[in-house]
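For reference, target16.cif is printed below; it contains mmCIF, C-alpha atoms.
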data_target
#
loop_
_atom_site.label_atom_id
_atom_site.label_comp_id
_atom_site.auth_asym_id
_atom_site.auth_seq_id
_atom_site.Cartn_x
_atom_site.Cartn_y
_atom_site.Cartn_z
CA MET A 1 8.91 -10.01 13.06
CA PRO A 2 10.19 -13.14 14.79
CA GLY A 3 8.16 -15.31 12.38
CA TYR A 4 4.54 -16.45 12.52
CA VAL A 5 5.42 -19.67 14.32
CA ILE A 6 7.17 -17.90 17.19
CA HIS A 7 4.15 -15.61 17.61
CA LEU A 8 1.73 -18.54 17.63
CA ALA A 9 3.94 -20.41 20.09
CA THR A 10 4.01 -17.34 22.36
CA ALA A 11 0.21 -17.11 22.15
CA ASN A 12 -0.07 -20.82 23.01
CA GLU A 13 2.26 -20.42 25.97
CA TYR A 14 0.39 -17.32 27.14
CA ILE A 15 -2.88 -19.28 27.23
CA ARG A 16 -1.18 -22.07 29.18
CA LYS A 17 0.44 -19.74 31.73
CA HIS A 18 -2.57 -17.45 32.24
CA GLN A 19 -5.38 -19.92 32.53
CA ASN A 20 -8.97 -18.64 32.29
CA GLU A 21 -7.86 -15.28 30.87
CA ILE A 22 -8.36 -15.96 27.16
CA LYS A 23 -11.94 -16.95 26.36
CA ASN A 24 -11.86 -16.99 22.56
CA LYS A 25 -8.61 -18.68 21.59
CA GLU A 26 -9.22 -18.44 17.86
CA GLU A 27 -9.58 -14.66 18.08
CA PHE A 28 -6.49 -14.47 20.31
CA PHE A 29 -4.43 -16.42 17.76
CA LYS A 30 -5.73 -14.27 14.90
CA GLY A 31 -4.74 -11.12 16.76
CA SER A 32 -1.33 -12.60 17.54
CA ILE A 33 -0.37 -12.79 13.87
CA ALA A 34 -2.33 -9.77 12.55
CA PRO A 35 0.45 -7.13 12.63
CA ASP A 36 2.55 -9.20 10.22
CA GLN A 37 -0.23 -9.91 7.75
CA THR A 38 0.78 -7.05 5.52
CA THR A 39 3.64 -5.83 3.35
CA LYS A 40 7.01 -4.71 4.63
CA ASP A 41 6.10 -1.08 3.88
CA ASN A 42 2.89 -1.28 5.89
CA LYS A 43 4.46 -2.85 8.94
CA LYS A 44 5.40 0.51 10.35
CA ILE A 45 1.66 1.23 10.55
CA THR A 46 0.56 -2.12 11.96
CA HIS A 47 3.43 -2.05 14.46
CA TYR A 48 2.89 1.51 15.70
CA GLY A 49 6.50 2.53 15.21
CA ASN A 50 9.11 2.58 12.53
CA GLY A 51 8.89 -1.14 11.78
CA SER A 52 8.60 -4.39 13.69
CA ASP A 53 11.99 -3.83 15.36
CA GLN A 54 10.90 -0.40 16.64
CA VAL A 55 7.48 -1.04 18.13
CA GLU A 56 6.18 1.78 20.30
CA LEU A 57 4.05 -0.01 22.88
CA ARG A 58 3.05 3.23 24.57
CA ARG A 59 1.74 4.62 21.30
CA TYR A 60 -0.31 1.48 20.74
CA LEU A 61 -1.84 1.62 24.23
CA LYS A 62 -2.62 5.31 23.84
CA ASN A 63 -4.82 4.50 20.87
CA ASN A 64 -6.17 1.03 21.60
CA ASN A 65 -7.84 -0.97 24.33
CA ILE A 66 -6.84 -4.53 25.04
CA ASP A 67 -10.31 -5.67 26.05
CA SER A 68 -11.12 -8.27 23.41
CA ASP A 69 -9.14 -11.47 22.96
CA TYR A 70 -8.21 -10.36 19.43
CA ASP A 71 -6.79 -7.10 20.82
CA LYS A 72 -4.90 -9.01 23.50
CA GLY A 73 -3.37 -11.22 20.80
CA TYR A 74 -2.42 -8.12 18.81
CA PHE A 75 -0.79 -6.53 21.85
CA LEU A 76 1.05 -9.77 22.70
CA HIS A 77 2.52 -9.72 19.18
CA LEU A 78 3.84 -6.19 19.71
CA VAL A 79 5.21 -7.06 23.15
CA THR A 80 7.00 -10.09 21.68
CA ASP A 81 8.51 -8.01 18.87
CA TYR A 82 9.61 -5.38 21.37
CA ILE A 83 11.30 -7.88 23.68
CA PHE A 84 12.84 -9.85 20.82
CA TYR A 85 14.43 -6.91 19.01
CA ASN A 86 15.21 -4.65 21.93
CA LYS A 87 16.11 -6.98 24.79
CA LEU A 88 17.20 -10.30 23.31
CA LEU A 89 18.47 -10.23 19.74
CA GLU A 90 21.96 -8.71 19.51
CA TYR A 91 22.32 -8.50 15.74
CA THR A 92 20.45 -9.57 12.62
CA SER A 93 20.73 -10.10 8.88
CA LYS A 94 18.57 -11.45 6.06
CA GLN A 95 19.74 -14.90 7.13
CA ILE A 96 17.31 -14.75 10.02
CA TYR A 97 14.42 -15.56 7.66
CA ASN A 98 16.12 -18.84 6.78
CA ASP A 99 16.62 -19.47 10.48
CA TYR A 100 12.86 -19.15 11.04
CA ASP A 101 12.32 -21.75 8.31
CA ILE A 102 14.85 -24.10 9.96
CA LEU A 103 13.24 -23.73 13.40
CA ASN A 104 9.58 -23.89 12.30
CA ASP A 105 9.20 -27.65 12.31
CA TYR A 106 10.82 -28.00 15.76
CA LEU A 107 8.74 -25.18 17.31
CA ILE A 108 5.45 -26.40 15.81
CA LYS A 109 6.00 -29.82 17.38
CA LYS A 110 7.33 -28.55 20.72
CA TYR A 111 4.50 -26.04 21.31
CA ASN A 112 1.69 -28.05 19.62
CA ILE A 113 0.95 -25.26 17.18
CA VAL A 114 -1.96 -25.45 14.77
CA LEU A 115 -1.27 -23.16 11.81
CA LEU A 116 -4.16 -20.85 10.95
CA ASP A 117 -5.49 -21.14 7.38
CA GLU A 118 -4.55 -17.56 6.55
CA ILE A 119 -0.81 -18.18 7.06
CA LYS A 120 -0.44 -21.81 5.96
CA ASN A 121 1.09 -20.71 2.66
CA SER A 122 3.44 -18.23 4.35
CA VAL A 123 5.20 -20.71 6.65
CA PHE A 124 8.22 -22.42 5.12
CA TYR A 125 10.55 -25.17 6.21
CA SER A 126 14.25 -25.71 5.79
CA THR A 127 17.05 -27.75 7.28
CA GLY A 128 20.59 -26.98 8.44
CA GLU A 129 22.26 -24.93 11.14
CA THR A 130 20.80 -21.56 12.12
CA LYS A 131 23.15 -18.57 11.83
CA ILE A 132 21.46 -15.69 13.69
CA LEU A 133 18.60 -17.15 15.73
CA SER A 134 19.44 -20.16 17.86
CA LYS A 135 16.83 -22.62 19.08
CA GLU A 136 17.57 -21.43 22.62
CA LEU A 137 16.99 -17.78 21.77
CA ALA A 138 13.69 -18.61 20.06
CA GLU A 139 12.56 -20.53 23.14
CA LYS A 140 13.72 -17.74 25.44
CA THR A 141 11.73 -15.20 23.38
CA ILE A 142 8.59 -17.34 23.64
CA ASP A 143 9.09 -17.90 27.35
CA ILE A 144 9.82 -14.30 28.38
CA SER A 145 7.15 -12.77 26.13
CA SER A 146 4.41 -15.01 27.50
CA GLU A 147 5.44 -14.69 31.16
CA ARG A 148 3.79 -11.46 32.32
CA SER A 149 0.10 -10.75 32.15
CA LEU A 150 -0.72 -8.31 29.34
CA GLU A 151 -2.78 -6.23 31.75
CA ASP A 152 0.26 -5.91 34.06
CA ILE A 153 2.47 -4.82 31.18
CA LYS A 154 -0.15 -2.30 30.10
CA ASN A 155 -0.45 -0.88 33.63
CA GLU A 156 3.32 -0.70 34.01
CA ILE A 157 3.60 1.30 30.79
CA ILE A 158 0.73 3.72 31.33
CA SER A 159 1.48 4.35 35.00
CA CYS A 160 4.40 6.64 34.10
CA GLU A 161 5.62 8.68 31.16
CA TYR A 162 8.69 6.62 30.31
CA THR A 163 10.14 3.28 31.30
CA LYS A 164 13.48 2.08 30.04
CA LYS A 165 12.05 -1.42 30.14
CA TRP A 166 9.22 -0.80 27.66
CA ASP A 167 10.10 2.40 25.80
CA GLU A 168 13.79 2.21 24.99
CA ILE A 169 14.47 1.38 21.34
CA ARG A 170 17.86 -0.21 20.91
CA PRO A 171 19.42 0.15 17.45
CA LEU A 172 19.82 -3.32 16.02
CA LYS A 173 23.18 -4.18 14.43
CA ARG A 174 22.71 -5.45 10.88
CA LEU A 175 25.41 -7.80 9.66
CA ASP A 176 24.43 -7.46 6.01
CA SER A 177 24.77 -3.68 5.94
CA VAL A 178 28.24 -3.54 7.50
CA MET B 1 8.83 -14.02 1.44
CA SER B 2 6.98 -10.89 2.51
CA HIS B 3 3.28 -11.19 3.19
CA SER B 4 1.24 -9.14 0.76
CA GLY B 5 -2.53 -9.39 0.73
CA ASP B 6 -5.17 -11.43 2.48
CA ILE B 7 -7.91 -13.56 1.01
CA TYR B 8 -11.40 -12.94 2.37
CA GLN B 9 -14.40 -15.08 1.55
CA VAL B 10 -17.51 -12.90 1.58
CA GLY B 11 -20.56 -14.99 0.68
CA ASP B 12 -19.67 -16.64 -2.62
CA ARG B 13 -17.12 -13.95 -3.46
CA LYS B 14 -13.38 -14.38 -3.03
CA ILE B 15 -11.56 -11.12 -2.37
CA PHE B 16 -7.82 -10.50 -2.37
CA LEU B 17 -7.25 -7.46 -0.19
CA ALA B 18 -4.04 -5.45 -0.30
CA ARG B 19 -3.32 -2.48 1.96
CA GLY B 20 -1.41 0.72 1.48
CA ILE B 21 -1.38 4.52 1.31
CA TYR B 22 -1.21 5.51 -2.43
CA ASP B 23 -1.10 9.29 -2.86
CA TYR B 24 0.08 8.94 -6.48
CA PHE B 25 1.53 6.26 -8.73
CA GLU B 26 5.21 5.84 -9.52
CA LYS B 27 7.31 2.86 -10.56
CA ARG B 28 7.74 1.18 -7.18
CA ASN B 29 4.22 1.38 -5.81
CA PHE B 30 2.60 0.68 -9.19
CA ASN B 31 4.69 -2.45 -9.77
CA ARG B 32 3.83 -3.60 -6.28
CA LEU B 33 0.13 -3.14 -7.07
CA LYS B 34 0.48 -5.13 -10.27
CA GLU B 35 2.26 -7.95 -8.42
CA GLU B 36 -0.55 -8.08 -5.89
CA TYR B 37 -3.11 -8.08 -8.67
CA GLU B 38 -1.31 -11.04 -10.26
CA GLN B 39 -1.56 -12.87 -6.93
CA ALA B 40 -5.29 -12.08 -6.78
CA ARG B 41 -5.76 -13.31 -10.34
CA SER B 42 -3.83 -16.51 -9.70
CA GLN B 43 -6.29 -17.26 -6.90
CA ASP B 44 -9.37 -16.29 -8.96
CA ALA B 45 -10.11 -13.48 -6.53
CA GLU B 46 -11.41 -9.94 -6.98
CA PHE B 47 -8.79 -7.28 -6.19
CA TYR B 48 -9.54 -4.65 -3.54
CA ILE B 49 -7.28 -2.16 -1.74
CA ALA B 50 -7.70 -0.95 1.83
CA LEU B 51 -6.23 2.53 2.31
CA TYR B 52 -4.97 3.60 5.72
CA SER B 53 -6.82 6.69 6.96
CA ASP B 54 -4.89 9.75 8.11
CA ASP B 55 -6.24 9.11 11.56
CA ILE B 56 -4.71 5.66 11.86
CA LEU B 57 -1.46 6.84 10.29
CA GLU B 58 -1.19 9.53 12.94
CA LYS B 59 -2.02 7.09 15.70
CA ALA B 60 0.74 4.82 14.43
CA GLY B 61 3.13 7.76 14.45
CA HIS B 62 3.23 8.67 10.76
CA THR B 63 2.02 11.56 8.64
CA ARG B 64 1.04 11.34 5.00
CA LYS B 65 3.22 13.90 3.24
CA LEU B 66 0.58 14.91 0.70
CA LYS B 67 -2.26 14.99 3.22
CA GLY B 68 -3.23 18.58 2.45
CA LEU B 69 -3.29 18.04 -1.31
CA VAL B 70 -4.68 14.53 -1.72
CA ASN B 71 -7.61 13.57 0.49
CA ASP B 72 -9.12 10.14 1.19
CA GLU B 73 -11.71 10.41 -1.60
CA ASP B 74 -8.93 11.33 -4.06
CA ARG B 75 -6.98 8.22 -3.12
CA ILE B 76 -10.03 6.01 -3.61
CA PHE B 77 -10.79 7.73 -6.94
CA MET B 78 -7.24 7.15 -8.18
CA LEU B 79 -7.14 3.47 -7.31
CA GLU B 80 -10.59 2.83 -8.70
CA SER B 81 -9.52 4.45 -11.96
CA LEU B 82 -7.14 1.51 -12.53
CA ASP B 83 -8.61 -1.12 -14.80
CA PHE B 84 -7.43 -4.02 -12.63
CA VAL B 85 -8.65 -2.71 -9.27
CA ASP B 86 -12.19 -3.73 -8.35
CA GLY B 87 -12.50 -1.32 -5.46
CA ALA B 88 -10.75 0.73 -2.80
CA PHE B 89 -11.83 2.02 0.59
CA ILE B 90 -10.48 3.69 3.71
CA ILE B 91 -9.74 1.79 6.90
CA ASP B 92 -9.58 3.33 10.35
CA SER B 93 -7.71 0.49 12.01
CA PRO B 94 -4.78 -1.71 10.99
CA LYS B 95 -6.49 -4.71 12.60
CA THR B 96 -7.58 -7.43 10.19
CA LYS B 97 -10.90 -7.93 11.94
CA LEU B 98 -12.00 -4.31 11.45
CA VAL B 99 -10.56 -4.29 7.94
CA GLU B 100 -12.90 -7.16 7.09
CA GLN B 101 -15.92 -5.19 8.31
CA ALA B 102 -14.92 -2.22 6.15
CA LEU B 103 -14.50 -4.54 3.16
CA LYS B 104 -18.04 -5.89 3.57
CA ALA B 105 -19.43 -2.35 3.69
CA LYS B 106 -17.52 -1.51 0.49
CA LEU B 107 -18.88 -4.57 -1.32
CA LEU B 108 -22.42 -3.46 -0.50
CA ASP B 109 -21.69 0.04 -1.86
CA LYS B 110 -20.31 -1.41 -5.07
CA GLU B 111 -23.47 -3.47 -5.57
CA SER B 112 -25.67 -0.37 -5.41
CA GLU B 113 -23.29 1.56 -7.72
CA LYS B 114 -23.59 -1.16 -10.38
CA LYS B 115 -27.37 -0.89 -10.39
CA SER B 116 -27.37 2.87 -11.02
CA LYS B 117 -25.14 3.01 -14.15
CA THR B 118 -26.68 4.23 -17.46
CA PRO B 119 -24.95 4.60 -20.87
CA ILE B 120 -24.35 8.15 -22.24
CA SER B 121 -23.68 9.43 -25.78
CA LYS B 122 -20.40 11.31 -26.32
CA LYS B 123 -19.42 14.43 -28.28
CA TYR B 124 -16.17 13.21 -29.85
CA ASN B 125 -15.10 9.95 -31.44
CA ILE B 126 -11.37 9.97 -30.55
CA GLY B 127 -9.76 12.25 -27.98
CA TYR B 128 -6.00 12.71 -27.64
CA ALA B 129 -3.76 14.16 -24.96
CA SER B 130 -0.07 14.09 -24.26
CA GLY B 131 2.10 14.99 -21.30
CA ALA B 132 4.86 13.82 -19.02
CA PHE B 133 2.49 12.10 -16.53
CA SER B 134 5.31 11.61 -14.03
CA ASN B 135 4.05 10.52 -10.56
CA LEU B 136 0.55 10.05 -11.93
CA HIS B 137 -1.79 11.88 -9.56
CA LYS B 138 -5.47 12.71 -9.16
CA GLY B 139 -5.19 15.87 -11.33
CA HIS B 140 -4.00 13.74 -14.25
CA ILE B 141 -6.74 11.17 -13.67
CA GLU B 142 -9.45 13.84 -13.46
CA HIS B 143 -8.17 15.16 -16.82
CA LEU B 144 -8.42 11.68 -18.33
CA ARG B 145 -11.86 11.11 -16.83
CA GLU B 146 -13.08 14.37 -18.38
CA MET B 147 -11.74 13.18 -21.75
CA SER B 148 -13.52 9.89 -21.31
CA LYS B 149 -16.81 11.69 -20.60
CA GLN B 150 -16.54 13.52 -23.92
CA CYS B 151 -14.90 10.89 -26.18
CA GLN B 152 -15.78 7.39 -27.35
CA ARG B 153 -12.09 6.50 -27.29
CA VAL B 154 -9.20 8.10 -25.42
CA ILE B 155 -5.61 7.96 -26.64
CA VAL B 156 -2.90 9.29 -24.36
CA ALA B 157 0.77 9.79 -25.13
CA ALA B 158 3.48 9.88 -22.47
CA ASN B 159 6.29 12.23 -23.47
CA SER B 160 9.52 10.34 -24.07
CA ASP B 161 12.40 10.65 -21.61
CA ARG B 162 14.26 12.63 -24.29
CA LEU B 163 11.42 15.19 -24.61
CA ILE B 164 11.30 15.72 -20.85
CA THR B 165 15.04 16.21 -20.62
CA GLU B 166 15.54 18.33 -23.73
CA TYR B 167 12.35 20.40 -23.89
CA LYS B 168 11.31 20.68 -20.27
CA HIS B 169 14.87 20.57 -18.94
CA LYS B 170 13.69 18.30 -16.16
CA LYS B 171 15.16 15.17 -14.68
CA VAL B 172 13.25 12.01 -15.59
CA THR B 173 12.02 10.51 -12.31
CA VAL B 174 9.82 7.77 -13.79
CA ASP B 175 10.97 6.18 -17.06
CA GLU B 176 8.83 6.46 -20.22
CA GLU B 177 7.81 2.80 -20.37
CA THR B 178 6.60 2.83 -16.76
CA ARG B 179 4.64 6.05 -17.38
CA ARG B 180 3.05 4.52 -20.48
CA ASP B 181 2.28 1.31 -18.61
CA ILE B 182 0.56 3.15 -15.73
CA LEU B 183 -1.53 5.19 -18.21
CA SER B 184 -2.53 2.05 -20.08
CA HIS B 185 -4.10 0.72 -16.86
CA ILE B 186 -6.28 3.76 -16.24
CA LYS B 187 -9.81 2.71 -17.06
CA TYR B 188 -10.55 6.02 -18.87
CA VAL B 189 -7.72 5.34 -21.34
CA ASP B 190 -8.18 3.09 -24.37
CA MET B 191 -4.65 3.34 -25.72
CA ALA B 192 -1.40 4.63 -24.19
CA ILE B 193 1.64 5.36 -26.34
CA ILE B 194 4.98 7.14 -26.03
CA THR B 195 5.57 10.26 -28.09
CA ASP B 196 8.98 11.63 -28.99
CA ASP B 197 7.58 14.71 -30.69
CA TYR B 198 6.22 17.91 -29.18
CA ASP B 199 4.47 18.93 -32.43
CA LYS B 200 0.72 18.20 -32.11
CA LEU B 201 0.33 18.14 -35.90
CA LYS B 202 2.63 15.14 -36.06
CA ALA B 203 0.43 13.49 -33.42
CA VAL B 204 -2.50 13.75 -35.87
CA GLU B 205 -0.56 11.65 -38.36
CA ARG B 206 0.65 9.23 -35.70
CA VAL B 207 -2.85 8.50 -34.43
CA ARG B 208 -4.13 8.11 -38.01
CA ASN B 209 -1.46 5.48 -38.63
CA LEU B 210 -2.39 3.68 -35.45
CA CYS B 211 -6.19 3.81 -35.68
CA GLY B 212 -6.99 4.33 -39.37
CA LYS B 213 -8.38 7.80 -38.55
CA SER B 214 -7.13 10.58 -36.35
CA PHE B 215 -8.57 12.27 -33.28
CA ASP B 216 -11.30 14.89 -33.46
CA ALA B 217 -10.37 16.58 -30.17
CA ILE B 218 -7.12 17.25 -28.40
CA PHE B 219 -7.17 17.90 -24.66
CA ALA B 220 -4.89 19.96 -22.45
CA GLY B 221 -5.05 21.34 -18.92
CA SER B 222 -6.42 24.87 -18.48
CA ASP B 223 -2.95 26.00 -17.34
CA TRP B 224 -1.97 25.88 -21.05
CA ARG B 225 -4.78 28.25 -22.13
CA GLY B 226 -3.22 31.38 -23.66
CA ASP B 227 0.14 29.72 -24.27
CA PRO B 228 1.50 30.97 -27.67
CA ASN B 229 2.43 27.46 -28.84
CA TRP B 230 -1.03 26.14 -28.03
CA GLU B 231 -2.71 29.12 -29.74
CA ASN B 232 -0.68 28.33 -32.83
CA PHE B 233 -1.58 24.62 -32.66
CA GLU B 234 -5.24 25.49 -32.13
CA LYS B 235 -5.47 27.55 -35.32
CA LYS B 236 -3.92 24.80 -37.42
CA LEU B 237 -5.89 21.99 -35.77
CA ASN B 238 -9.22 23.83 -36.11
CA LYS B 239 -8.63 24.06 -39.86
CA MET B 240 -8.37 20.26 -39.86
CA GLY B 241 -11.70 19.99 -38.01
CA ILE B 242 -10.05 19.17 -34.68
CA ASP B 243 -11.22 20.89 -31.49
CA VAL B 244 -8.86 21.93 -28.73
CA VAL B 245 -10.44 21.35 -25.31
CA PHE B 246 -8.98 22.69 -22.09
CA THR B 247 -9.97 20.84 -18.94
CA GLU B 248 -10.11 22.87 -15.76
CA ARG B 249 -7.16 22.51 -13.38
CA PRO B 250 -7.69 23.81 -9.87
CA GLU B 251 -5.22 26.42 -8.70
CA ASN B 252 -2.94 25.21 -5.88
CA GLY B 253 -3.87 21.61 -6.65
CA ILE B 254 -1.62 18.59 -6.66
CA SER B 255 1.26 18.59 -9.16
CA THR B 256 4.27 16.47 -10.08
CA THR B 257 6.56 19.21 -8.79
CA LYS B 258 4.86 19.15 -5.39
CA ILE B 259 5.13 15.37 -5.23
CA ASP B 260 8.83 15.44 -6.12
CA LYS B 261 9.34 18.04 -3.42
CA SER B 262 7.50 15.90 -0.83
CA LYS B 263 9.78 12.97 -1.63
CA LYS B 264 12.76 15.07 -0.57
CA THR B 265 11.29 16.07 2.80
CA PRO B 266 11.78 13.58 5.64
CA GLU B 267 8.68 12.05 7.21
CA SER B 268 7.53 13.88 10.32
CA ARG B 269 7.14 11.68 13.37
#

Turn the structure described in the file into structure tokens.
Amino acid sequence: MPGYVIHLATANEYIRKHQNEIKNKEEFFKGSIAPDQTTKDNKKITHYGNGSDQVELRRYLKNNNIDSDYDKGYFLHLVTDYIFYNKLLEYTSKQIYNDYDILNDYLIKKYNIVLLDEIKNSVFYSTGETKILSKELAEKTIDISSERSLEDIKNEIISCEYTKKWDEIRPLKRLDSV
Amino acid sequence: MSHSGDIYQVGDRKIFLARGIYDYFEKRNFNRLKEEYEQARSQDAEFYIALYSDDILEKAGHTRKLKGLVNDEDRIFMLESLDFVDGAFIIDSPKTKLVEQALKAKLLDKESEKKSKTPISKKYNIGYASGAFSNLHKGHIEHLREMSKQCQRVIVAANSDRLITEYKHKKVTVDEETRRDILSHIKYVDMAIITDDYDKLKAVERVRNLCGKSFDAIFAGSDWRGDPNWENFEKKLNKMGIDVVFTERPENGISTTKIDKSKKTPESR
């Protein structure tokens, strides 16, 4: 999970870039954080794969519609996780959680994020230099993940049996297990 | 910090809802449950568990290893047998919105259950049972529920790690204190202790020391019926006015051995 704040920022940016698509913003935001509102063990279920770094978007689409704004938010979360772990992030470690805390204040201000009640107590703040996730990479994740219309992504995935772009799971290097 | 449960406000009720699978209880998942309960308690909330259905697990690409042996009702029964769990129910979607709907339906069910409860008189005063109770599963809990139906008070002893190693020649997979702790939270159990003695006659004395009087019935699973040791115990115990009661165990049901075996097989995906 790239942190609640990154997901909310992506949802905010999606609304801005795809005007008139999202009717119920509150439901869209709720959906955008829903997959992470569970324990580490359960994330493989909420992320339709073997964890948040191995989201199987095709599996999700096979079993779910993205008709409601909540469902669109949920799908956007999975798309963001997929892009973040499989296309952008090169390596990770436990330090990344501290990086989220360092970046939270900056991202909340930059993207005008209003934290939902259900996660207010799960968002933390810290200061210092980030080690794994730079400010630029966080912004790039938000920008790329919110760029394409969710319907387009869905159609691109279901129009063929396999796409390297949306199906390939890239093993993530872990610095703390080396 | 990992997210654990969610708080739901349903009318004037505050519910802390955790999610999981729970086929049986062992150290890791039981401690996790207790931690979540502590979080619920610290927020003055009732504690409910949403269990992922087999359908949603399959859709998410996972298979419950004990699916054939432990069904959805069994999982609800097990969780609701814990004295700190207010309720458990199955969810067909991992989405919080649908989970909330299922929670509301469960709360309505619980209300009607409460109204239909009536007190019953019981045959025995104190019932006693002992066993390893490793990976506590629905078979164990059904055994304890049967005891509770027949006894005013239920005392259960978890065999010590030494007994399991030396008498059963088995590897201890869940330590004695954890096994005792899990038993002590089963709502059918009034007292959970650790026993380091296989001799049931010594248990009579032990319970007398603990409670001022001993048990008037000792319970064992029907798989022990006809066992020479138990026949010997039964004769001696009957002379002391203590009944031996065998509770029925289904053939090919869940067992600790099957659970241990499932832990060794990789998850199918």

Separation of CA of Lys43 (chain A) from CA of Ser134 (chain A) in Å: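 So the two atoms, CA of Ser134 (chain A) and CA of Lys43 (chain A), lie 24.6 Å apart.
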
Distance filter 9 Å, only C-alpha atoms, chain B against chain A, as JSON, numbers by chain: {"B": [1, 2, 3, 4, 5, 6, 7, 18, 19, 20, 21, 52, 56, 57, 59, 60, 61, 62, 93, 94, 95, 96, 97]}

Contacts of Lys123 (chain B) at 9 Å (all atoms listed in the file; same-chain gap of 3+ positions) as a PyMOL selection string: chain B and resi 149-152

Report as JSON lines: every residue of region 38-91 of chain B with an atom at most 6 Å from region 184-206 of chain B, its closest pair of atoms, and their distance in Å to one decimal, counting only C-alpha atoms, with rows sorted by chain and ascending residue number.
{"residue": "B:Ser81", "atom": "CA", "partner": "B:Lys187", "partner_atom": "CA", "distance": 5.4}
{"residue": "B:Leu82", "atom": "CA", "partner": "B:Ile186", "partner_atom": "CA", "distance": 4.4}
{"residue": "B:Asp83", "atom": "CA", "partner": "B:Lys187", "partner_atom": "CA", "distance": 4.6}

For CA of Trp224 (chain B) and CA of Arg249 (chain B), the interatomic separation in Å (one decimal):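 It comes out at 9.9 Å.
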
Among listed residues A:Ile113, A:Leu61, A:Val79, A:Leu88, nearest Leu172 (chain A) (using all atoms listed in the file):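 Smallest separation from Leu172 (chain A) among the options: A:Leu88.
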
Region 127-129 of chain B surroundings by all atoms listed in the file, 6 Å radius, close-in-sequence under 2 positions cut, as a PyMOL selection string: chain B and resi 151+154-156+215+217-219

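Pairwise distance (CA of Asp161 (chain B), CA of Glu176 (chain B)) equals 5.7 Å.
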
Residues selected by the PyMOL selection byres ((chain B and resi 228-242) around 6), written as JSON, numbers by chain: {"B": [216, 217, 227, 243]}

So that I have them on file, write out the residues from the current selection with C-alpha atoms, as an mmCIF file, keeping the file's coordinate frame.
data_model
loop_
_atom_site.group_PDB
_atom_site.id
_atom_site.type_symbol
_atom_site.label_atom_id
_atom_site.label_comp_id
_atom_site.auth_asym_id
_atom_site.auth_seq_id
_atom_site.Cartn_x
_atom_site.Cartn_y
_atom_site.Cartn_z
ATOM 1 C CA ASP B 216 -11.300 14.890 -33.460
ATOM 2 C CA ALA B 217 -10.370 16.580 -30.170
ATOM 3 C CA ASP B 227 0.140 29.720 -24.270
ATOM 4 C CA ASP B 243 -11.220 20.890 -31.490
#
